[in-house]
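Worksheet: one structure, shown below.
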Amino acid sequence: RKEVEQDPGPFNVPEGATVAFNCTYSNSASQSFFWYRQDCRKEPKLLMSVYSSGNEDGRFTAQLNRASQYISLLIRDSKLSDSATYLCVVNKGNTPLVFGKGTRLSVIA
Amino acid sequence: DAMVIQNPRYQVTQFGKPVTLSCSQTLNHNVMYWYQQKSSQAPKLLFHYYDKDFNNEADTPDNFQSRRPNTSFCFLDIRSPGLGDAAMYLCATSRTGDFLWPNEKLFFGSGTQLSVL
């Protein structure tokens with residue numbers, strides 16, 4: 001089983017839609033969780049960290065479910081500029097981050 | 001201003017011809033990483049340095065080597081590039097490498113896209 005698994009998509013949604021991505025991780029000892037955004041042929045950029053209590057940043061909400069070992073990202077009121085690949089990232093303590101393959105989102109006008 | 005700088009942005013090499021990719025940072029971060037990312041794949045860690053301590057991932061081919069002569073610079077050497085080594089190579093830094101710290105994050109360079117002919 002891969003350390004981090006994501007549905008590759010693509011998710012094609014109209015502007016204004018709400019879309020959610022899930023990600024599962026295999027290492028129950030994982031302690032830190034993040035969502036990164038990557039545009040085509042660009043480097044990944046941190047979107048948000050994921051905290052145990054869940055957290056929200058504007059239109060973006062991240063949730064963590066330790067019992068089921070998954071994290072989620074919800075995007076409300078999708079914009080054209082949200083089109084990108086969203087990478088799920090986990091790590092355990094001071095070990096390097098492990099990236100998922102990403103979920104591709106296309107927001108259509 | 002770019003804080004993690006990778007050169008060149010695009011690199012073309014010939015099959016079997018050694019190539020070196022470079023990365024520099026102005027952040028004075030302790031940890032530097034090299035990731036390989038192929039099309040539609042996850043960034044895959046090749047190796048990383050905690051200061052001068054080199055950490056090689058178990059499945060990184062021997063064909064890939066790295067040097068970190070000082071805090072600011074890190075190099076990726078591919079001794080005999082094969083067609084399968086064509087990818088985006090991403091350099092990243094972090095201050096301590098401990099991502100339990102609330103403000104710890106990865107800072108990526110813009111990557112070097114390597115083509116092998």
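Chain identifiers are assigned as A, B, and so on, following the order in which chains appear in the structure tokens; residues are numbered from 1 within each chain, and ligands are numbered from 1 in order of appearance.
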Give one line per residue of chain B that approaches chain A to at most 7 Å, naming the two atoms of the closest pair and their distance in Å to one decimal, counting only C-alpha atoms; sort by chain then ascending residue number and deliver it as a Markdown table.
| residue | atom | partner | partner_atom | distance |
| --- | --- | --- | --- | --- |
| B:Ser40 | CA | A:Lys101 | CA | 6.8 |
| B:Gln41 | CA | A:Lys101 | CA | 4.9 |
| B:Ala42 | CA | A:Lys101 | CA | 3.9 |
| B:Pro43 | CA | A:Phe99 | CA | 6.1 |
| B:Gly97 | CA | A:Asn94 | CA | 5.5 |
| B:Asp98 | CA | A:Asn94 | CA | 4.0 |
| B:Phe99 | CA | A:Asn94 | CA | 6.1 |
| B:Leu100 | CA | A:Gly93 | CA | 5.9 |
| B:Phe108 | CA | A:Glu43 | CA | 6.4 |
| B:Gly109 | CA | A:Glu43 | CA | 6.8 |
| B:Ser110 | CA | A:Glu43 | CA | 5.3 |
| B:Gly111 | CA | A:Glu43 | CA | 6.4 |
Could you take the residues named above and write them with N, CA, C and O atoms, as a compact mmCIF listing (two decimals), in the first residue's frame?
# COMPACT_ATOMS: atom_id res chain seq x y z
N SER B 40 2.80 13.68 -13.92
CA SER B 40 1.63 13.10 -13.23
C SER B 40 2.02 12.19 -12.06
O SER B 40 1.22 11.34 -11.65
N GLN B 41 3.21 12.35 -11.54
CA GLN B 41 3.65 11.56 -10.40
C GLN B 41 3.88 12.46 -9.19
O GLN B 41 3.99 13.68 -9.31
N ALA B 42 3.99 11.84 -8.04
CA ALA B 42 4.31 12.57 -6.83
C ALA B 42 5.78 12.97 -6.83
O ALA B 42 6.62 12.24 -7.37
N PRO B 43 6.12 14.11 -6.25
CA PRO B 43 7.54 14.38 -6.01
C PRO B 43 8.12 13.27 -5.15
O PRO B 43 7.56 12.91 -4.11
N GLY B 97 13.77 20.93 9.62
CA GLY B 97 13.38 19.59 9.19
C GLY B 97 12.36 18.94 10.10
O GLY B 97 11.91 17.81 9.85
N ASP B 98 11.96 19.63 11.18
CA ASP B 98 10.97 19.07 12.11
C ASP B 98 9.63 19.74 11.83
O ASP B 98 9.38 20.87 12.26
N PHE B 99 8.76 19.03 11.12
CA PHE B 99 7.50 19.63 10.68
C PHE B 99 6.42 19.61 11.74
O PHE B 99 5.28 19.97 11.48
N LEU B 100 6.77 19.21 12.95
CA LEU B 100 5.85 19.39 14.07
C LEU B 100 5.86 20.83 14.55
O LEU B 100 4.92 21.27 15.21
N PHE B 108 10.42 25.66 -1.82
CA PHE B 108 10.87 25.05 -3.06
C PHE B 108 11.50 26.07 -3.98
O PHE B 108 11.10 27.24 -4.03
N GLY B 109 12.48 25.61 -4.74
CA GLY B 109 12.92 26.35 -5.90
C GLY B 109 11.95 26.11 -7.05
O GLY B 109 11.02 25.31 -6.93
N SER B 110 12.18 26.79 -8.16
CA SER B 110 11.26 26.68 -9.29
C SER B 110 11.51 25.43 -10.12
O SER B 110 10.77 25.16 -11.06
N GLY B 111 12.51 24.66 -9.77
CA GLY B 111 12.75 23.38 -10.43
C GLY B 111 13.61 23.48 -11.66
O GLY B 111 13.73 24.55 -12.28
Checklist line | Residue list (strand (DSSP E or B), DSSP) for region 55-107 of chain A, as a PyMOL selection string | finding: chain A and resi 55-57+60-65+70-75+84-91+98-99+103-107
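Nearest to Thr24 (chain A) of all the residues A:Thr61, A:Ser72, A:Ser81, A:Asn12 is A:Ser72, counting only C-alpha atoms.
Residues surrounding region 33-35 of chain B within 6 Å are B:Pro43, B:Lys44, B:Leu45, B:Leu46, B:Phe47, B:His48, B:Tyr89, B:Leu90, B:Cys91, B:Ala92 [only C-alpha atoms; sequence separation below 3 positions excluded].
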Note to self: List as an NGL selection string the protein and nucleic acid residues near Phe60 (chain A), meaning an atom at most 12 Å away when only C-alpha atoms are counted, but skip any in the same chain fewer than 4 places from it.
What the structure shows: :A and (18-21 or 35 or 47-50 or 54-56 or 72-79 or 82)
Next item on the list: Do a neighbour search on Cys23 (chain B) at 8 Å with only C-alpha atoms, toss out local chain neighbours closer than 2 positions, and write the hits as number ranges by chain.
Entry: B: 4-7, 21, 25, 73-75, 91, 109
I need the residues from that last selection saved to file as a CSV table (one decimal), in the first residue's frame (with C-alpha atoms), if you can.
chain,number,residue,atom,x,y,z
B,4,VAL,CA,15.7,29.0,-3.3
B,5,ILE,CA,17.2,29.3,-6.7
B,6,GLN,CA,17.7,26.5,-9.1
B,7,ASN,CA,19.7,26.7,-12.3
B,21,LEU,CA,22.0,20.6,-11.4
B,25,GLN,CA,19.4,29.3,-0.9
B,73,PHE,CA,24.7,25.4,-2.1
B,74,CYS,CA,23.6,21.9,-3.0
B,75,PHE,CA,24.3,20.0,-6.2
B,91,CYS,CA,15.3,21.5,-4.6
B,109,GLY,CA,12.9,26.4,-5.9
Next item on the list: Would you mind listing what lies within 7 Å of Ser28 (chain A) as a list of chain:residue names, with only C-alpha atoms counted and same-chain residues fewer than 2 positions away left out?
Entry: A:Ser26, A:Ser30, A:Gln69
Checklist line | Within 8 Å of Ser72 (chain B) using only C-alpha atoms, minus same-chain residues under 6 positions, as a list of chain:residue names | finding: B:Ser24, B:Gln25, B:Thr26, B:Asn28
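In this structure, CA of Ala84 (chain A) sits 14.2 Å away from CA of Pro14 (chain A).
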Check: Could you state the separation of CA of Arg68 (chain B) and CA of Lys52 (chain B) in Å, given to one decimal place?
Finding: 6.9 Å
